[in-house]
Structures are given as structure tokens and as C-alpha cells.
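Enquirer: Please find my_file_4.tsv (TSV, N, CA and C atoms) on the next line:
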```
chain	number	residue	atom	x	y	z
A	1	VAL	N	-4.98	-14.65	7.11
A	1	VAL	CA	-3.58	-14.33	6.83
A	1	VAL	C	-3.46	-12.87	6.45
A	2	GLN	N	-2.52	-12.21	7.06
A	2	GLN	CA	-2.26	-10.81	6.74
A	2	GLN	C	-0.87	-10.68	6.13
A	3	LEU	N	-0.77	-9.78	5.17
A	3	LEU	CA	0.52	-9.50	4.54
A	3	LEU	C	1.01	-8.13	4.98
A	4	GLN	N	2.26	-8.06	5.36
A	4	GLN	CA	2.84	-6.80	5.81
A	4	GLN	C	4.04	-6.48	4.94
A	5	ALA	N	3.93	-5.39	4.18
A	5	ALA	CA	5.04	-4.96	3.34
A	5	ALA	C	5.83	-3.88	4.05
A	6	SER	N	7.14	-3.90	3.87
A	6	SER	CA	8.00	-2.91	4.50
A	6	SER	C	9.23	-2.69	3.64
A	7	GLY	N	10.00	-1.67	3.98
A	7	GLY	CA	11.26	-1.42	3.30
A	7	GLY	C	11.25	-0.26	2.33
A	8	GLY	N	10.09	0.35	2.14
A	8	GLY	CA	10.03	1.48	1.24
A	8	GLY	C	10.77	2.68	1.81
A	9	GLY	N	10.96	3.68	0.98
A	9	GLY	CA	11.64	4.88	1.41
A	9	GLY	C	11.99	5.75	0.23
A	10	THR	N	12.87	6.69	0.49
A	10	THR	CA	13.31	7.62	-0.55
A	10	THR	C	14.78	7.37	-0.84
A	11	VAL	N	15.09	7.30	-2.13
A	11	VAL	CA	16.46	7.02	-2.54
A	11	VAL	C	16.76	7.82	-3.79
A	12	GLN	N	18.00	8.12	-4.00
A	12	GLN	CA	18.38	8.84	-5.21
A	12	GLN	C	18.43	7.89	-6.40
A	13	SER	N	18.29	8.45	-7.56
A	13	SER	CA	18.38	7.67	-8.80
A	13	SER	C	19.70	6.90	-8.84
A	14	GLY	N	19.61	5.62	-9.19
A	14	GLY	CA	20.78	4.76	-9.21
A	14	GLY	C	20.97	3.98	-7.93
A	15	GLY	N	20.21	4.33	-6.91
A	15	GLY	CA	20.34	3.66	-5.63
A	15	GLY	C	19.56	2.36	-5.56
A	16	SER	N	19.54	1.78	-4.37
A	16	SER	CA	18.90	0.48	-4.16
A	16	SER	C	18.00	0.51	-2.92
A	17	LEU	N	17.01	-0.34	-2.95
A	17	LEU	CA	16.14	-0.58	-1.80
A	17	LEU	C	15.78	-2.06	-1.79
A	18	ARG	N	15.44	-2.55	-0.61
A	18	ARG	CA	14.99	-3.93	-0.48
A	18	ARG	C	13.65	-3.93	0.25
A	19	LEU	N	12.65	-4.44	-0.41
A	19	LEU	CA	11.33	-4.55	0.18
A	19	LEU	C	11.14	-5.95	0.75
A	20	SER	N	10.33	-6.02	1.81
A	20	SER	CA	9.99	-7.30	2.41
A	20	SER	C	8.49	-7.43	2.50
A	21	CYS	N	8.01	-8.65	2.36
A	21	CYS	CA	6.60	-8.94	2.53
A	21	CYS	C	6.48	-10.15	3.43
A	22	ASP	N	5.90	-9.95	4.59
A	22	ASP	CA	5.75	-11.03	5.56
A	22	ASP	C	4.29	-11.46	5.63
A	23	ALA	N	4.07	-12.76	5.52
A	23	ALA	CA	2.74	-13.32	5.68
A	23	ALA	C	2.68	-14.01	7.03
A	24	ASP	N	1.75	-13.57	7.86
A	24	ASP	CA	1.69	-14.19	9.19
A	24	ASP	C	0.97	-15.53	9.11
A	25	GLY	N	1.08	-16.31	10.13
A	25	GLY	CA	0.43	-17.61	10.17
A	25	GLY	C	1.20	-18.65	9.40
A	26	ASN	N	0.58	-19.80	9.22
A	26	ASN	CA	1.22	-20.92	8.54
A	26	ASN	C	0.49	-21.28	7.26
A	27	ALA	N	0.05	-20.26	6.57
A	27	ALA	CA	-0.70	-20.50	5.35
A	27	ALA	C	0.15	-21.16	4.28
A	28	SER	N	-0.50	-21.93	3.44
A	28	SER	CA	0.17	-22.50	2.27
A	28	SER	C	0.07	-21.46	1.16
A	29	ILE	N	1.22	-20.98	0.74
A	29	ILE	CA	1.26	-19.91	-0.26
A	29	ILE	C	1.91	-20.44	-1.52
A	30	ARG	N	1.20	-20.33	-2.63
A	30	ARG	CA	1.72	-20.83	-3.89
A	30	ARG	C	2.62	-19.81	-4.57
A	31	VAL	N	2.18	-18.58	-4.66
A	31	VAL	CA	2.95	-17.53	-5.34
A	31	VAL	C	2.96	-16.28	-4.48
A	32	MET	N	4.10	-15.62	-4.41
A	32	MET	CA	4.18	-14.30	-3.79
A	32	MET	C	4.73	-13.35	-4.83
A	33	GLY	N	4.16	-12.15	-4.83
A	33	GLY	CA	4.58	-11.22	-5.87
A	33	GLY	C	4.44	-9.78	-5.45
A	34	TRP	N	4.92	-8.93	-6.32
A	34	TRP	CA	4.89	-7.49	-6.08
A	34	TRP	C	4.25	-6.80	-7.28
A	35	TYR	N	3.45	-5.77	-6.96
A	35	TYR	CA	2.85	-4.89	-7.94
A	35	TYR	C	3.12	-3.47	-7.49
A	36	ARG	N	2.99	-2.53	-8.40
A	36	ARG	CA	3.17	-1.15	-8.01
A	36	ARG	C	2.13	-0.27	-8.68
A	37	GLN	N	1.80	0.79	-7.98
A	37	GLN	CA	0.85	1.78	-8.46
A	37	GLN	C	1.58	3.09	-8.60
A	38	THR	N	1.68	3.59	-9.83
A	38	THR	CA	2.33	4.87	-10.03
A	38	THR	C	1.28	5.92	-10.38
A	39	ALA	N	1.71	7.17	-10.42
A	39	ALA	CA	0.76	8.25	-10.69
A	39	ALA	C	0.19	8.15	-12.10
A	40	GLU	N	0.97	7.62	-13.03
A	40	GLU	CA	0.56	7.63	-14.43
A	40	GLU	C	-0.11	6.34	-14.87
A	41	LYS	N	0.13	5.26	-14.17
A	41	LYS	CA	-0.32	3.97	-14.66
A	41	LYS	C	-1.24	3.28	-13.67
A	42	GLN	N	-2.00	2.34	-14.18
A	42	GLN	CA	-2.77	1.46	-13.31
A	42	GLN	C	-1.78	0.53	-12.60
A	43	ARG	N	-2.31	-0.26	-11.68
A	43	ARG	CA	-1.44	-1.16	-10.95
A	43	ARG	C	-0.69	-2.05	-11.93
A	44	GLU	N	0.60	-2.09	-11.75
A	44	GLU	CA	1.51	-2.72	-12.71
A	44	GLU	C	2.22	-3.91	-12.04
A	45	PHE	N	2.31	-5.01	-12.78
A	45	PHE	CA	3.03	-6.17	-12.28
A	45	PHE	C	4.52	-5.88	-12.24
A	46	VAL	N	5.15	-6.26	-11.13
A	46	VAL	CA	6.59	-6.06	-10.98
A	46	VAL	C	7.34	-7.39	-11.02
A	47	ALA	N	6.97	-8.30	-10.12
A	47	ALA	CA	7.70	-9.57	-10.06
A	47	ALA	C	6.89	-10.58	-9.25
A	48	SER	N	7.15	-11.85	-9.51
A	48	SER	CA	6.51	-12.91	-8.72
A	48	SER	C	7.44	-14.10	-8.62
A	49	ARG	N	7.20	-14.88	-7.60
A	49	ARG	CA	8.00	-16.09	-7.40
A	49	ARG	C	7.08	-17.20	-6.93
A	50	HIS	N	7.09	-18.29	-7.68
A	50	HIS	CA	6.32	-19.47	-7.32
A	50	HIS	C	7.12	-20.24	-6.26
A	51	ARG	N	6.43	-21.03	-5.48
A	51	ARG	CA	7.14	-21.80	-4.46
A	51	ARG	C	8.05	-22.85	-5.08
A	52	ASN	N	7.87	-23.16	-6.37
A	52	ASN	CA	8.78	-24.09	-7.02
A	52	ASN	C	10.05	-23.41	-7.52
A	53	GLY	N	10.14	-22.09	-7.30
A	53	GLY	CA	11.33	-21.35	-7.68
A	53	GLY	C	11.20	-20.53	-8.95
A	54	ASP	N	10.16	-20.79	-9.72
A	54	ASP	CA	9.98	-20.02	-10.95
A	54	ASP	C	9.72	-18.55	-10.64
A	55	THR	N	10.36	-17.68	-11.42
A	55	THR	CA	10.17	-16.25	-11.22
A	55	THR	C	9.73	-15.59	-12.53
A	56	GLU	N	9.02	-14.50	-12.38
A	56	GLU	CA	8.63	-13.68	-13.52
A	56	GLU	C	8.86	-12.22	-13.16
A	57	TYR	N	9.17	-11.41	-14.17
A	57	TYR	CA	9.43	-10.00	-13.95
A	57	TYR	C	8.71	-9.17	-15.01
A	58	GLY	N	8.29	-7.99	-14.57
A	58	GLY	CA	7.74	-7.04	-15.51
A	58	GLY	C	8.85	-6.50	-16.40
A	59	GLU	N	8.46	-6.11	-17.60
A	59	GLU	CA	9.47	-5.66	-18.57
A	59	GLU	C	10.26	-4.46	-18.04
A	60	ALA	N	9.62	-3.60	-17.31
A	60	ALA	CA	10.27	-2.37	-16.85
A	60	ALA	C	11.34	-2.61	-15.80
A	61	VAL	N	11.31	-3.77	-15.16
A	61	VAL	CA	12.25	-3.99	-14.06
A	61	VAL	C	13.22	-5.13	-14.32
A	62	THR	N	13.02	-5.83	-15.39
A	62	THR	CA	13.89	-6.98	-15.70
A	62	THR	C	15.35	-6.56	-15.77
A	63	GLY	N	16.17	-7.30	-15.05
A	63	GLY	CA	17.60	-7.00	-15.02
A	63	GLY	C	18.01	-6.08	-13.89
A	64	ARG	N	17.04	-5.45	-13.26
A	64	ARG	CA	17.35	-4.52	-12.16
A	64	ARG	C	16.79	-5.00	-10.82
A	65	PHE	N	15.67	-5.67	-10.86
A	65	PHE	CA	15.01	-6.13	-9.64
A	65	PHE	C	15.14	-7.65	-9.52
A	66	THR	N	15.22	-8.12	-8.28
A	66	THR	CA	15.28	-9.56	-8.03
A	66	THR	C	14.33	-9.92	-6.91
A	67	ILE	N	13.48	-10.89	-7.18
A	67	ILE	CA	12.57	-11.36	-6.14
A	67	ILE	C	13.11	-12.66	-5.56
A	68	SER	N	13.02	-12.78	-4.25
A	68	SER	CA	13.42	-14.00	-3.58
A	68	SER	C	12.39	-14.32	-2.51
A	69	ARG	N	12.50	-15.51	-1.98
A	69	ARG	CA	11.48	-15.94	-1.03
A	69	ARG	C	12.10	-16.86	0.01
A	70	ASP	N	11.72	-16.61	1.24
A	70	ASP	CA	12.10	-17.49	2.34
A	70	ASP	C	10.87	-18.33	2.65
A	71	GLY	N	10.84	-19.54	2.09
A	71	GLY	CA	9.65	-20.36	2.18
A	71	GLY	C	9.17	-20.63	3.58
A	72	PRO	N	10.04	-21.15	4.45
A	72	PRO	CA	9.59	-21.47	5.81
A	72	PRO	C	9.01	-20.26	6.55
A	73	LYS	N	9.48	-19.08	6.20
A	73	LYS	CA	8.98	-17.88	6.88
A	73	LYS	C	7.84	-17.23	6.11
A	74	ASN	N	7.50	-17.75	4.93
A	74	ASN	CA	6.48	-17.10	4.11
A	74	ASN	C	6.78	-15.62	3.93
A	75	THR	N	8.02	-15.36	3.60
A	75	THR	CA	8.45	-13.99	3.39
A	75	THR	C	9.02	-13.85	1.98
A	76	ALA	N	8.66	-12.77	1.32
A	76	ALA	CA	9.20	-12.48	0.00
A	76	ALA	C	9.98	-11.17	0.06
A	77	TYR	N	11.04	-11.12	-0.72
A	77	TYR	CA	11.87	-9.93	-0.77
A	77	TYR	C	11.94	-9.44	-2.22
A	78	LEU	N	12.06	-8.13	-2.34
A	78	LEU	CA	12.27	-7.55	-3.65
A	78	LEU	C	13.49	-6.65	-3.57
A	79	GLN	N	14.60	-7.09	-4.14
A	79	GLN	CA	15.81	-6.30	-4.19
A	79	GLN	C	15.74	-5.42	-5.43
A	80	MET	N	15.76	-4.13	-5.21
A	80	MET	CA	15.63	-3.18	-6.31
A	80	MET	C	16.93	-2.40	-6.47
A	81	ASN	N	17.58	-2.59	-7.60
A	81	ASN	CA	18.83	-1.90	-7.89
A	81	ASN	C	18.67	-0.96	-9.07
A	82	SER	N	19.62	-0.07	-9.22
A	82	SER	CA	19.61	0.88	-10.34
A	82	SER	C	18.25	1.56	-10.45
A	83	LEU	N	17.76	2.04	-9.35
A	83	LEU	CA	16.42	2.64	-9.32
A	83	LEU	C	16.38	3.91	-10.15
A	84	LYS	N	15.22	4.12	-10.75
A	84	LYS	CA	14.97	5.29	-11.59
A	84	LYS	C	13.78	6.05	-11.04
A	85	PRO	N	13.66	7.33	-11.37
A	85	PRO	CA	12.48	8.09	-10.94
A	85	PRO	C	11.17	7.43	-11.37
A	86	ASP	N	11.17	6.75	-12.52
A	86	ASP	CA	9.96	6.07	-12.99
A	86	ASP	C	9.54	4.90	-12.10
A	87	ASP	N	10.44	4.48	-11.21
A	87	ASP	CA	10.10	3.40	-10.28
A	87	ASP	C	9.32	3.91	-9.07
A	88	THR	N	9.18	5.21	-8.98
A	88	THR	CA	8.44	5.80	-7.86
A	88	THR	C	7.00	5.33	-7.87
A	89	GLY	N	6.51	4.93	-6.71
A	89	GLY	CA	5.12	4.49	-6.60
A	89	GLY	C	4.89	3.78	-5.29
A	90	VAL	N	3.68	3.27	-5.14
A	90	VAL	CA	3.35	2.46	-3.98
A	90	VAL	C	3.46	1.00	-4.39
A	91	TYR	N	4.22	0.26	-3.66
A	91	TYR	CA	4.48	-1.15	-3.97
A	91	TYR	C	3.63	-2.04	-3.07
A	92	TYR	N	2.91	-2.97	-3.71
A	92	TYR	CA	2.00	-3.86	-2.99
A	92	TYR	C	2.47	-5.30	-3.13
A	93	CYS	N	2.31	-6.01	-2.05
A	93	CYS	CA	2.62	-7.43	-2.05
A	93	CYS	C	1.33	-8.21	-2.24
A	94	LYS	N	1.41	-9.28	-2.99
A	94	LYS	CA	0.26	-10.16	-3.20
A	94	LYS	C	0.68	-11.60	-3.02
A	95	ALA	N	-0.20	-12.39	-2.44
A	95	ALA	CA	0.08	-13.81	-2.25
A	95	ALA	C	-1.13	-14.64	-2.66
A	96	GLU	N	-0.87	-15.78	-3.27
A	96	GLU	CA	-1.93	-16.75	-3.57
A	96	GLU	C	-1.94	-17.76	-2.42
A	97	ILE	N	-3.00	-17.72	-1.66
A	97	ILE	CA	-3.07	-18.46	-0.41
A	97	ILE	C	-4.11	-19.55	-0.49
A	98	TRP	N	-3.74	-20.72	-0.04
A	98	TRP	CA	-4.66	-21.86	-0.02
A	98	TRP	C	-5.70	-21.64	1.09
A	99	THR	N	-6.98	-21.76	0.70
A	99	THR	CA	-8.05	-21.50	1.65
A	99	THR	C	-8.70	-22.78	2.18
A	100	GLY	N	-8.30	-23.90	1.59
A	100	GLY	CA	-8.97	-25.15	1.91
A	100	GLY	C	-9.89	-25.59	0.79
A	101	PHE	N	-10.29	-24.62	-0.03
A	101	PHE	CA	-11.17	-24.89	-1.15
A	101	PHE	C	-10.55	-24.47	-2.47
A	102	GLY	N	-9.46	-23.76	-2.38
A	102	GLY	CA	-8.79	-23.25	-3.58
A	102	GLY	C	-7.86	-22.13	-3.18
A	103	TYR	N	-7.13	-21.61	-4.17
A	103	TYR	CA	-6.22	-20.51	-3.89
A	103	TYR	C	-6.94	-19.18	-4.06
A	104	LYS	N	-6.62	-18.26	-3.21
A	104	LYS	CA	-7.24	-16.95	-3.23
A	104	LYS	C	-6.16	-15.89	-3.11
A	105	ASP	N	-6.33	-14.80	-3.87
A	105	ASP	CA	-5.38	-13.69	-3.79
A	105	ASP	C	-5.59	-12.89	-2.53
A	106	LYS	N	-4.47	-12.56	-1.88
A	106	LYS	CA	-4.49	-11.70	-0.71
A	106	LYS	C	-3.51	-10.57	-0.95
A	107	TRP	N	-3.96	-9.35	-0.71
A	107	TRP	CA	-3.13	-8.17	-0.91
A	107	TRP	C	-2.74	-7.58	0.44
A	108	GLY	N	-1.53	-7.08	0.50
A	108	GLY	CA	-1.10	-6.34	1.66
A	108	GLY	C	-1.22	-4.85	1.40
A	109	LYS	N	-1.05	-4.07	2.45
A	109	LYS	CA	-1.01	-2.62	2.29
A	109	LYS	C	0.30	-2.26	1.61
A	110	GLY	N	0.29	-1.17	0.91
A	110	GLY	CA	1.45	-0.80	0.13
A	110	GLY	C	2.53	-0.11	0.95
A	111	THR	N	3.70	-0.05	0.33
A	111	THR	CA	4.81	0.69	0.91
A	111	THR	C	5.33	1.65	-0.17
A	112	GLN	N	5.55	2.89	0.23
A	112	GLN	CA	5.91	3.93	-0.73
A	112	GLN	C	7.40	3.87	-1.07
A	113	VAL	N	7.67	3.92	-2.36
A	113	VAL	CA	9.04	4.03	-2.86
A	113	VAL	C	9.15	5.31	-3.67
A	114	THR	N	10.10	6.15	-3.31
A	114	THR	CA	10.30	7.41	-4.02
A	114	THR	C	11.74	7.48	-4.48
A	115	VAL	N	11.91	7.68	-5.77
A	115	VAL	CA	13.25	7.79	-6.34
A	115	VAL	C	13.42	9.19	-6.88
A	116	SER	N	14.37	9.91	-6.32
A	116	SER	CA	14.60	11.30	-6.73
A	116	SER	C	15.69	11.36	-7.80
A	117	SER	N	15.54	12.32	-8.68
A	117	SER	CA	16.52	12.45	-9.78
A	117	SER	C	17.70	13.29	-9.37
```
Output the structure of this file as C-alpha cells.

Expert:
Amino acid sequence: VQLQASGGGTVQSGGSLRLSCDADGNASIRVMGWYRQTAEKQREFVASRHRNGDTEYGEAVTGRFTISRDGPKNTAYLQMNSLKPDDTGVYYCKAEIWTGFGYKDKWGKGTQVTVSS
């Protein structure tokens, strides 16, 4: 299973972007989530969504970002509103994928998000 993240770009402060993460194949995915890597911090948790609908958000994005998921398509979206320069970074998608023996984390390549002041 491969994960493909898209939707990154450059936006002014206060703007919005929507990221997508597509998982190919028909894998059973328990959780899909987003992390980001900024210049100042280690990889930081952004948001996740369990297939049962439960969601979690990092403190820095709560109230501004929304994660959703299209289950049949194994696609996750991250709607990012009220973007700030501190949100600049490379955003990575992660999925917990059933391997037949257990769940395993799979990472996609990142997509760059740049927020200008």
C-alpha cells in the first residue's frame, strides 16, 4: 500500500488549504492521520481519525484544522483554516494498515505547506 499526499502550497496568513491523502489498494486501514515537520520542531502530531469516527487534534491546530475521511476510498482530508506562518512545514500522512498479522504504520511522502505573513 502506498500513500500519496497532495494539496500543499503557499498561502497567505489567514488563508486555507485542503490536503488529501490517498491510499491505493483495498487495505484495511484503522487510523489515518497527519503529522508535520517544521524547521524548529521534530515531527509533530497534527490530527488523526479512526475508522470509527473518533478524531484527535494537536494542541496547535485545534479549532482551526479538521480531519475527515472517505472510508470506501481510503482517503483522508485535512482542511486547514486560519493558517499561520507557524503552520509552515512538510505535512506527512500516516496510516495504520492491517498486514494480516497486525497493524503497521505506513508513511507517505510529504507535501509542503508554506504560510506567508

Enquirer: Taking the DSSP assignment computed from this structure's backbone, write out as a PyMOL selection string all residues of segment 33-78 of chain A that belong to strand (DSSP E).

Expert: chain A and resi 33-37+44-50+55-57+65-70+75-78

Enquirer: Could you check the closest approach to Asn81 of chain A for each of A:Gly33, A:Gly15, A:Gly100, A:Gly25 and tell me which residue wins, using only N, CA and C atoms?

Expert: A:Gly15

Enquirer: With only C-alpha atoms as the basis for distance, which of A:Thr99, A:Ser48, A:Thr88, A:Thr111 is at the shortest distance from Val11 of chain A?

Expert: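 Checking each candidate against Val11 of chain A, we get A:Thr88 as the closest.
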
Enquirer: Which residue, A:Trp107, A:Gly8, A:Lys73, A:Gly14, has the smallest gap to Asn26 of chain A when you use all atoms listed in the file?

Expert: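 Closest candidate: A:Lys73.
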
Enquirer: In Å, with one decimal, what is the gap from atom CA of Ala95 of chain A to atom CA of Gly63 of chain A?

Expert: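 Answer for the atom CA of Ala95 of chain A to atom CA of Gly63 of chain A separation: 22.7 Å.
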
Enquirer: One decimal, in Å: what's the spacing between atom C of Arg49 of chain A and atom N of Lys109 of chain A?

Expert: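 Here the two named atoms are 18.1 Å from each other.
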
Enquirer: Identify the residues within 12 Å of coordinate (5.0, -2.0, 1.7) (same frame as the file), considering only C-alpha atoms, and give the answer as a PDB file with N, CA and C atoms, keeping the file's coordinate frame.

Expert:
```pdb
ATOM      1  N   LEU A   3      -0.770  -9.780   5.170  1.00  0.00           N
ATOM      2  CA  LEU A   3       0.520  -9.500   4.540  1.00  0.00           C
ATOM      3  C   LEU A   3       1.010  -8.130   4.980  1.00  0.00           C
ATOM      4  N   GLN A   4       2.260  -8.060   5.360  1.00  0.00           N
ATOM      5  CA  GLN A   4       2.840  -6.800   5.810  1.00  0.00           C
ATOM      6  C   GLN A   4       4.040  -6.480   4.940  1.00  0.00           C
ATOM      7  N   ALA A   5       3.930  -5.390   4.180  1.00  0.00           N
ATOM      8  CA  ALA A   5       5.040  -4.960   3.340  1.00  0.00           C
ATOM      9  C   ALA A   5       5.830  -3.880   4.050  1.00  0.00           C
ATOM     10  N   SER A   6       7.140  -3.900   3.870  1.00  0.00           N
ATOM     11  CA  SER A   6       8.000  -2.910   4.500  1.00  0.00           C
ATOM     12  C   SER A   6       9.230  -2.690   3.640  1.00  0.00           C
ATOM     13  N   GLY A   7      10.000  -1.670   3.980  1.00  0.00           N
ATOM     14  CA  GLY A   7      11.260  -1.420   3.300  1.00  0.00           C
ATOM     15  C   GLY A   7      11.250  -0.260   2.330  1.00  0.00           C
ATOM     16  N   GLY A   8      10.090   0.350   2.140  1.00  0.00           N
ATOM     17  CA  GLY A   8      10.030   1.480   1.240  1.00  0.00           C
ATOM     18  C   GLY A   8      10.770   2.680   1.810  1.00  0.00           C
ATOM     19  N   GLY A   9      10.960   3.680   0.980  1.00  0.00           N
ATOM     20  CA  GLY A   9      11.640   4.880   1.410  1.00  0.00           C
ATOM     21  C   GLY A   9      11.990   5.750   0.230  1.00  0.00           C
ATOM     22  N   LEU A  17      17.010  -0.340  -2.950  1.00  0.00           N
ATOM     23  CA  LEU A  17      16.140  -0.580  -1.800  1.00  0.00           C
ATOM     24  C   LEU A  17      15.780  -2.060  -1.790  1.00  0.00           C
ATOM     25  N   ARG A  18      15.440  -2.550  -0.610  1.00  0.00           N
ATOM     26  CA  ARG A  18      14.990  -3.930  -0.480  1.00  0.00           C
ATOM     27  C   ARG A  18      13.650  -3.930   0.250  1.00  0.00           C
ATOM     28  N   LEU A  19      12.650  -4.440  -0.410  1.00  0.00           N
ATOM     29  CA  LEU A  19      11.330  -4.550   0.180  1.00  0.00           C
ATOM     30  C   LEU A  19      11.140  -5.950   0.750  1.00  0.00           C
ATOM     31  N   SER A  20      10.330  -6.020   1.810  1.00  0.00           N
ATOM     32  CA  SER A  20       9.990  -7.300   2.410  1.00  0.00           C
ATOM     33  C   SER A  20       8.490  -7.430   2.500  1.00  0.00           C
ATOM     34  N   CYS A  21       8.010  -8.650   2.360  1.00  0.00           N
ATOM     35  CA  CYS A  21       6.600  -8.940   2.530  1.00  0.00           C
ATOM     36  C   CYS A  21       6.480 -10.150   3.430  1.00  0.00           C
ATOM     37  N   ASP A  22       5.900  -9.950   4.590  1.00  0.00           N
ATOM     38  CA  ASP A  22       5.750 -11.030   5.560  1.00  0.00           C
ATOM     39  C   ASP A  22       4.290 -11.460   5.630  1.00  0.00           C
ATOM     40  N   GLY A  33       4.160 -12.150  -4.830  1.00  0.00           N
ATOM     41  CA  GLY A  33       4.580 -11.220  -5.870  1.00  0.00           C
ATOM     42  C   GLY A  33       4.440  -9.780  -5.450  1.00  0.00           C
ATOM     43  N   TRP A  34       4.920  -8.930  -6.320  1.00  0.00           N
ATOM     44  CA  TRP A  34       4.890  -7.490  -6.080  1.00  0.00           C
ATOM     45  C   TRP A  34       4.250  -6.800  -7.280  1.00  0.00           C
ATOM     46  N   TYR A  35       3.450  -5.770  -6.960  1.00  0.00           N
ATOM     47  CA  TYR A  35       2.850  -4.890  -7.940  1.00  0.00           C
ATOM     48  C   TYR A  35       3.120  -3.470  -7.490  1.00  0.00           C
ATOM     49  N   ARG A  36       2.990  -2.530  -8.400  1.00  0.00           N
ATOM     50  CA  ARG A  36       3.170  -1.150  -8.010  1.00  0.00           C
ATOM     51  C   ARG A  36       2.130  -0.270  -8.680  1.00  0.00           C
ATOM     52  N   GLN A  37       1.800   0.790  -7.980  1.00  0.00           N
ATOM     53  CA  GLN A  37       0.850   1.780  -8.460  1.00  0.00           C
ATOM     54  C   GLN A  37       1.580   3.090  -8.600  1.00  0.00           C
ATOM     55  N   ALA A  76       8.660 -12.770   1.320  1.00  0.00           N
ATOM     56  CA  ALA A  76       9.200 -12.480   0.000  1.00  0.00           C
ATOM     57  C   ALA A  76       9.980 -11.170   0.060  1.00  0.00           C
ATOM     58  N   TYR A  77      11.040 -11.120  -0.720  1.00  0.00           N
ATOM     59  CA  TYR A  77      11.870  -9.930  -0.770  1.00  0.00           C
ATOM     60  C   TYR A  77      11.940  -9.440  -2.220  1.00  0.00           C
ATOM     61  N   LEU A  78      12.060  -8.130  -2.340  1.00  0.00           N
ATOM     62  CA  LEU A  78      12.270  -7.550  -3.650  1.00  0.00           C
ATOM     63  C   LEU A  78      13.490  -6.650  -3.570  1.00  0.00           C
ATOM     64  N   GLY A  89       6.510   4.930  -6.710  1.00  0.00           N
ATOM     65  CA  GLY A  89       5.120   4.490  -6.600  1.00  0.00           C
ATOM     66  C   GLY A  89       4.890   3.780  -5.290  1.00  0.00           C
ATOM     67  N   VAL A  90       3.680   3.270  -5.140  1.00  0.00           N
ATOM     68  CA  VAL A  90       3.350   2.460  -3.980  1.00  0.00           C
ATOM     69  C   VAL A  90       3.460   1.000  -4.390  1.00  0.00           C
ATOM     70  N   TYR A  91       4.220   0.260  -3.660  1.00  0.00           N
ATOM     71  CA  TYR A  91       4.480  -1.150  -3.970  1.00  0.00           C
ATOM     72  C   TYR A  91       3.630  -2.040  -3.070  1.00  0.00           C
ATOM     73  N   TYR A  92       2.910  -2.970  -3.710  1.00  0.00           N
ATOM     74  CA  TYR A  92       2.000  -3.860  -2.990  1.00  0.00           C
ATOM     75  C   TYR A  92       2.470  -5.300  -3.130  1.00  0.00           C
ATOM     76  N   CYS A  93       2.310  -6.010  -2.050  1.00  0.00           N
ATOM     77  CA  CYS A  93       2.620  -7.430  -2.050  1.00  0.00           C
ATOM     78  C   CYS A  93       1.330  -8.210  -2.240  1.00  0.00           C
ATOM     79  N   LYS A  94       1.410  -9.280  -2.990  1.00  0.00           N
ATOM     80  CA  LYS A  94       0.260 -10.160  -3.200  1.00  0.00           C
ATOM     81  C   LYS A  94       0.680 -11.600  -3.020  1.00  0.00           C
ATOM     82  N   TRP A 107      -3.960  -9.350  -0.710  1.00  0.00           N
ATOM     83  CA  TRP A 107      -3.130  -8.170  -0.910  1.00  0.00           C
ATOM     84  C   TRP A 107      -2.740  -7.580   0.440  1.00  0.00           C
ATOM     85  N   GLY A 108      -1.530  -7.080   0.500  1.00  0.00           N
ATOM     86  CA  GLY A 108      -1.100  -6.340   1.660  1.00  0.00           C
ATOM     87  C   GLY A 108      -1.220  -4.850   1.400  1.00  0.00           C
ATOM     88  N   LYS A 109      -1.050  -4.070   2.450  1.00  0.00           N
ATOM     89  CA  LYS A 109      -1.010  -2.620   2.290  1.00  0.00           C
ATOM     90  C   LYS A 109       0.300  -2.260   1.610  1.00  0.00           C
ATOM     91  N   GLY A 110       0.290  -1.170   0.910  1.00  0.00           N
ATOM     92  CA  GLY A 110       1.450  -0.800   0.130  1.00  0.00           C
ATOM     93  C   GLY A 110       2.530  -0.110   0.950  1.00  0.00           C
ATOM     94  N   THR A 111       3.700  -0.050   0.330  1.00  0.00           N
ATOM     95  CA  THR A 111       4.810   0.690   0.910  1.00  0.00           C
ATOM     96  C   THR A 111       5.330   1.650  -0.170  1.00  0.00           C
ATOM     97  N   GLN A 112       5.550   2.890   0.230  1.00  0.00           N
ATOM     98  CA  GLN A 112       5.910   3.930  -0.730  1.00  0.00           C
ATOM     99  C   GLN A 112       7.400   3.870  -1.070  1.00  0.00           C
ATOM    100  N   VAL A 113       7.670   3.920  -2.360  1.00  0.00           N
ATOM    101  CA  VAL A 113       9.040   4.030  -2.860  1.00  0.00           C
ATOM    102  C   VAL A 113       9.150   5.310  -3.670  1.00  0.00           C
TER     103      VAL A 113
END
```

Enquirer: For each of A:Asp24, A:Asp87, A:Asp54, A:Asp105, take the minimum atom-to-atom distance to Thr38 of chain A, counting only C-alpha atoms, then give the residue where this is smallest.

Expert: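 Smallest distance to Thr38 of chain A is found for A:Asp87.
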
Enquirer: Compare A:Ser28, A:Gln2, A:Thr66, A:Thr75 by their minimum atom-to-atom distance to Val46 of chain A, counting only C-alpha atoms, and give me the closest one.

Expert: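 Among the listed residues, the smallest separation from Val46 of chain A belongs to A:Thr66.
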
Enquirer: Using atom CA of Ala23 of chain A and atom CA of Val1 of chain A as the two end points, give the distance in Å to one decimal.

Expert: 6.5 Å

Enquirer: Find the residues around Lys104 of chain A up to 10 Å (only C-alpha atoms counted), leave out those fewer than 5 positions away in its own chain, and share them as a short mmCIF file (atom, residue, chain, number, x, y, z; two decimals) with N, CA and C atoms, keeping the file's coordinate frame.

Expert:
```cif
data_model
loop_
_atom_site.label_atom_id
_atom_site.label_comp_id
_atom_site.auth_asym_id
_atom_site.auth_seq_id
_atom_site.Cartn_x
_atom_site.Cartn_y
_atom_site.Cartn_z
N ILE A 29 1.22 -20.98 0.74
CA ILE A 29 1.26 -19.91 -0.26
C ILE A 29 1.91 -20.44 -1.52
N ARG A 30 1.20 -20.33 -2.63
CA ARG A 30 1.72 -20.83 -3.89
C ARG A 30 2.62 -19.81 -4.57
N ALA A 95 -0.20 -12.39 -2.44
CA ALA A 95 0.08 -13.81 -2.25
C ALA A 95 -1.13 -14.64 -2.66
N GLU A 96 -0.87 -15.78 -3.27
CA GLU A 96 -1.93 -16.75 -3.57
C GLU A 96 -1.94 -17.76 -2.42
N ILE A 97 -3.00 -17.72 -1.66
CA ILE A 97 -3.07 -18.46 -0.41
C ILE A 97 -4.11 -19.55 -0.49
N TRP A 98 -3.74 -20.72 -0.04
CA TRP A 98 -4.66 -21.86 -0.02
C TRP A 98 -5.70 -21.64 1.09
N THR A 99 -6.98 -21.76 0.70
CA THR A 99 -8.05 -21.50 1.65
C THR A 99 -8.70 -22.78 2.18
#
```
